[in-house]
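Let me begin by presenting the structure, written as structure tokens, before commenting on it.
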Amino acid sequence: MLTIKDYILVENLEEAYKLNQNINNVILGGTGWLKLQNRNIGKAIDLSNLGLDKIIEDDEKYVIGCMTTLRDIELNKSLNEFTKGAIKESLRHIVGVQFRNSVTIGGSIYSRFGFSDILTSLLALDTYVEMYKGGIIPLKDFVDMKYDKDILVNIIIKKSKRLVGYSSFRNQTTDFPVLTCGVAILDNGKVLASIGARPHRARVVEDIENILEVKSMENIEKFAKYVSNSLKFDSNMRASGEYRKHLTEVLVKRTLKNLVEVK
């Protein structure tokens with residue numbers, strides 16, 4: 001049961017930051033996962049009045065406010081065109097439309113859940129987080145940082161030229177994923193894969209050995225095995241670590257083949 005002693009609709013980020021330094025206080029996102037917890041909250045801090053629920057685009061980047069819902073991101077035409085549908089694909093299986101209409105991107109990314117589809121897909125893009133005190137940090141570095149009492153303000157996706165694909169495997173449609181997979185081909189031809197739900201947090205594996213300098217079917221298979229051998233996989237109620245390792249090779253190959261013409 002979630003118990004909240006006091007609710008505060010803050011007027012600015014500085015007020016929110018100061019309140020959040022108390023260990024008993026919590027920043028509210030969409031509360032999709034928070035309300036499932038059994039805990040007492042001193043002050044629930046609501047950012048809804050700060051205009052952080054918008055997606056702003058310019059020639060170089062997308063800036064997504066932390067209070068933007070997953071559904072708004074899923075339906076954003078420009079983002080979907082830029083990512084060739086990869087963002088939408090990473091969101092459409094998350095519980096249901098009602099859930100995605102309330103859950104926020106800030107809560108999803110700050111929490112760095114191991115099962116997060118959207119974290120995996122954003123890692124395949126040129127993505128950064130903007131923290132109130134910590135400034136702008138590459139998402140791949142933020143994933144490994146310890147939790148603190150800073151506030152995630154924006155998600156920034158730079159419009160660097162890359163082909164991006166996303167795939168996942170679930171035991172049933174709206175269940176948590178058994179494995180998530182994002183793949184990107186950069187403008188210089190380099191390839192990287194982000195793998196999540198291992199069941200640990202998503203990680204990026206880059207083709208530092210230039211396996212895919214020539215993008216043949218044989219080299220795609222070699223890269224898929226290289227990715228699976230670079231990561232740690234464990235077991236839980238959804239799948240064994242060995243099965244996840246095998247799935248990694250399958251999903252990397254499948255996603256890559258959808259992005260390139262195999263020689």
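Chain labels follow the order of the structure tokens: the first chain is A, the next B, and so on; residue numbering restarts at 1 in every chain, and ligands are counted from 1 in their shown order.
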- Who sits within 10 Å of region 72-79 of chain A, only C-alpha atoms, same chain under 6 positions skipped, as a list in words: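 Once the nearby chain positions are removed, what remains is Asp53, Lys54, Ile55, Glu57, Tyr62, Ile64, Gly85, Ala86, Ile87, Lys88, Glu89, Ser90, Leu91, Arg92, Arg100, Asn101, Ser102, Thr104, Ile105 and Ile157 of chain A.
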- Message: Residues of region 6-134 of chain A classed as helix (DSSP H, G or I) by DSSP on the backbone are to be reported as number ranges by chain.
- Response: A: 13-20, 34-36, 48-50, 70-74, 77-82, 86-91, 97-100, 105-111, 117-123
- Using CA of Asn210 (chain A) and CA of Val129 (chain A) as the two end points, give the distance in Å to one decimal. 28.5 Å
- Message: Can you pull out the residues contacting Asp6 (chain A)? Cut-off 7 Å, using only C-alpha atoms, and skip same-chain residues under 3 positions away; I want them as a list in words.
- Response: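 Final neighbour list, sorted by chain and number: Gly42, Lys43 and Ala44 of chain A.
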Please write the residues from the selection above to a file, keeping N, CA, C and O atoms, as a PDB file, in the first residue's frame.
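Output file part16.pdb is given in full below:
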ATOM      1  N   GLY A  42       6.669  11.011   2.544  1.00  0.00           N
ATOM      2  CA  GLY A  42       6.421  12.233   3.306  1.00  0.00           C
ATOM      3  C   GLY A  42       5.745  13.272   2.449  1.00  0.00           C
ATOM      4  O   GLY A  42       4.597  13.656   2.667  1.00  0.00           O
ATOM      5  N   LYS A  43       6.470  13.743   1.413  1.00  0.00           N
ATOM      6  CA  LYS A  43       5.924  14.720   0.488  1.00  0.00           C
ATOM      7  C   LYS A  43       6.032  14.176  -0.936  1.00  0.00           C
ATOM      8  O   LYS A  43       7.118  13.813  -1.392  1.00  0.00           O
ATOM      9  N   ALA A  44       4.906  14.125  -1.621  1.00  0.00           N
ATOM     10  CA  ALA A  44       4.872  13.745  -3.026  1.00  0.00           C
ATOM     11  C   ALA A  44       5.008  15.019  -3.858  1.00  0.00           C
ATOM     12  O   ALA A  44       4.197  15.941  -3.729  1.00  0.00           O
TER      13      ALA A  44
END
- Query: Between A:Thr83, A:Ser216, A:Ser116, A:Gln98, which one has atoms that come closest to Phe176 (chain A), using only C-alpha atoms?
  - Reply: A:Ser116
- Item | Residues within 10 Å of region 19-32 of chain A, only C-alpha atoms, excluding chain neighbours under 5 positions, as a ChimeraX atom specification | /A:4-10,13-14,37,39-48,66-70,99-108,110,148-152
- Query: Which residue, A:Lys190, A:Gly196, A:His93, A:Pro138, has the smallest gap to Val214 (chain A) when you use only C-alpha atoms?
  - Reply: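 Distance minimum relative to Val214 (chain A) lands on A:Lys190.
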- Identify, with DSSP run on backbone atoms, the residues in region 78-228 of chain A assigned to strand (DSSP E), and express the list as a ChimeraX atom specification. /A:127-131,135-138,152-158,162-169,179-186,191-196,203-206
